[in-house]
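Asks: Right, I'll just put the structure down here and ask away after.
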Amino acid sequence: MSGLDDFDDVRRDPDPIRRGKRATALMSIYQQRATELARLRREAIEEAHQAAGLTYTEIATALGITKGRITQIRSGAPSRERAFFGVGPVSVGVPLRVGTDDRMRTYVDAADLATQQDTEALLATVALAAEPFTIAPDATTVPDGDVVIICGPKSAPIGAELLDSDPRLGMVREDGRWWIIDKATGERYGSPMGDQPAGPGDIGYLSRRRDGDRVIVHIAGIHSPGSGGVLHYLAHHLPELYRARGDGSFSLAVRCQLDDLTVTGSEVLAGPYKW
């Protein structure tokens, strides 16, 4: 929902509960759009200064505001790397798994939940609202809007379909274990957790794709800690990654170091590969 037509439509909705729900959803969208406009304004000011060579005083005069207001905008508006995740709000999904104890039940893996929470915390640092959800084991469709999908190919079909559509990196199961594979060269990367003996590390996959007017970020670990390793890398390298790749689509693999199941370090293993 967006635009004046949506605003007027909500006002005319005769059902009070539905009207309240729709108003809440529309408020979230408007708030995120206002934040994005603040980011765009800050970026325009910096572009006018750096690329066009205008002084901040000249920019202030051209925009009809004071130089002091320019300073406030430059220091207070969201950073440009906010756009890595889109405009927002951003849905953040993790797999809903099926297990048994005394009966069949569904659950969210503790490592996946931690990665989901880390994603929400990272989004908050760039002024993006997060909307957590779970991915059904048979899910094949990515939700509307900007989204972060934290899901491997063995957890739900949507994880496999997103990886299949990546022209450069994928995941395959060979020799009794999962690998991240370079589709161009055939080189494959295995997790230290799958070695004999197992090593204190894991690897994960990250893609960022522009899909029309929205952004889909896909994260998948060979094991659950690998997804956490991708978030660790993003938390420490988001500005430089966005500077390098901009608003384009790409994928990369991340290697992380673990202390038990806690990520202590992360680095790029392969890529980033532009699509």
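As shown in the structure tokens, the chain order sets the letters A, B, ...; within each chain, residues go from 1, and ligands are also counted from 1 in the order they appear.
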Would you kindly return, as a list in words, each protein, DNA or RNA residue with an atom no farther than 6 Å from any atom of stretch 179-191 of chain A, considering only C-alpha atoms and excluding same-chain residues fewer than 6 positions away?

Replies: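 So, after excluding close chain neighbours, the residues are Arg168, Leu169, Gly170, Met171, Val172, Asp202 and Ile203 of chain A.
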
Asks: Could you name the residues that touch A:Leu123 at 12 Å or less, counting only C-alpha atoms, but leaving out those on the same chain fewer than 5 positions away, as a PyMOL selection string?

Replies: chain A and resi 32+78-79+81-92+116-118+128-132+146-148+231+234-235+238

Asks: Rounded to one decimal place, report the atom CA of A:Lys67-atom CA of A:Ala48 distance in Å.

Replies: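 Taking atom CA of A:Lys67 as the start and atom CA of A:Ala48 as the end point, the length is 14.1 Å.
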
Asks: Which neighbours of stretch 23-31 of chain A fall inside 9 Å, counting only C-alpha atoms, when residues of the same chain fewer than 4 positions from it are skipped, and could you give them as number ranges by chain?

Replies: A: 1-3, 6-7, 10-11, 18-19, 35-36, 87-89, 129

Asks: Let's have the selection written as a compact mmCIF listing (two decimals), in the first residue's frame, with N, CA and C atoms.

Replies:
# COMPACT_ATOMS: atom_id res chain seq x y z
N MET A 1 0.83 -1.19 0.00
CA MET A 1 0.00 0.00 0.00
C MET A 1 0.87 1.25 0.00
N SER A 2 0.57 2.19 -0.89
CA SER A 2 1.29 3.45 -0.90
C SER A 2 0.52 4.44 -1.72
N GLY A 3 0.78 5.75 -1.47
CA GLY A 3 0.18 6.77 -2.30
C GLY A 3 -1.10 7.32 -1.70
N ASP A 6 -4.25 5.04 -1.54
CA ASP A 6 -4.30 4.17 -0.38
C ASP A 6 -4.76 4.92 0.85
N PHE A 7 -4.28 6.14 1.02
CA PHE A 7 -4.67 6.97 2.16
C PHE A 7 -6.17 7.20 2.18
N VAL A 10 -8.14 3.94 2.89
CA VAL A 10 -8.17 3.58 4.31
C VAL A 10 -9.21 4.42 5.05
N ARG A 11 -9.26 5.68 4.76
CA ARG A 11 -10.21 6.58 5.42
C ARG A 11 -11.65 6.14 5.16
N ARG A 18 -10.34 -3.52 10.45
CA ARG A 18 -9.55 -3.54 9.23
C ARG A 18 -8.95 -2.16 8.95
N ARG A 19 -9.73 -1.12 9.21
CA ARG A 19 -9.23 0.25 8.99
C ARG A 19 -8.04 0.53 9.90
N THR A 35 12.01 8.53 5.95
CA THR A 35 13.41 8.31 6.30
C THR A 35 14.27 8.18 5.05
N GLU A 36 13.75 7.47 4.04
CA GLU A 36 14.49 7.31 2.79
C GLU A 36 14.64 8.65 2.08
N VAL A 87 14.12 0.24 0.81
CA VAL A 87 13.50 1.41 1.43
C VAL A 87 12.85 1.06 2.76
N GLY A 88 12.35 -0.18 2.88
CA GLY A 88 11.70 -0.61 4.11
C GLY A 88 10.20 -0.35 4.10
N PRO A 89 9.50 -0.92 5.08
CA PRO A 89 10.02 -1.85 6.09
C PRO A 89 10.53 -3.14 5.45
N ALA A 129 12.90 -0.35 9.59
CA ALA A 129 12.01 -1.15 10.42
C ALA A 129 12.03 -2.60 9.95

Asks: Can you work out the spacing between atom CA of A:Gly93 and atom CA of A:Gly159 in Å, to one decimal?

Replies: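 Atom CA of A:Gly159 lies at a distance of 11.1 Å from atom CA of A:Gly93.
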
Asks: As an MDAnalysis selection string, which residues of stretch 45-272 of chain A does DSSP assign to alpha helix (DSSP H)?

Replies: chainID A and resid 45:50 56:63 67:76 110:125 157:164 224:245

Asks: If you count only C-alpha atoms, which residues fall within 9 Å of A:Asp138, apart from same-chain ones fewer than 5 positions away, as a list in words?

Replies: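 Near A:Asp138, the qualifying residues are Ser155, Ala156, Pro157 and Ile158 of chain A.
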
Asks: Could you dump the residues just selected with C-alpha atoms as a PDB file, in the first residue's frame?

Replies:
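Writing done, so here's again-v2.pdb:
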ATOM      1  CA  SER A 155      15.201 -25.865   4.731  1.00  0.00           C
ATOM      2  CA  ALA A 156      12.597 -24.705   2.178  1.00  0.00           C
ATOM      3  CA  PRO A 157      12.173 -24.653  -1.621  1.00  0.00           C
ATOM      4  CA  ILE A 158      12.493 -20.868  -1.658  1.00  0.00           C
TER       5      ILE A 158
END
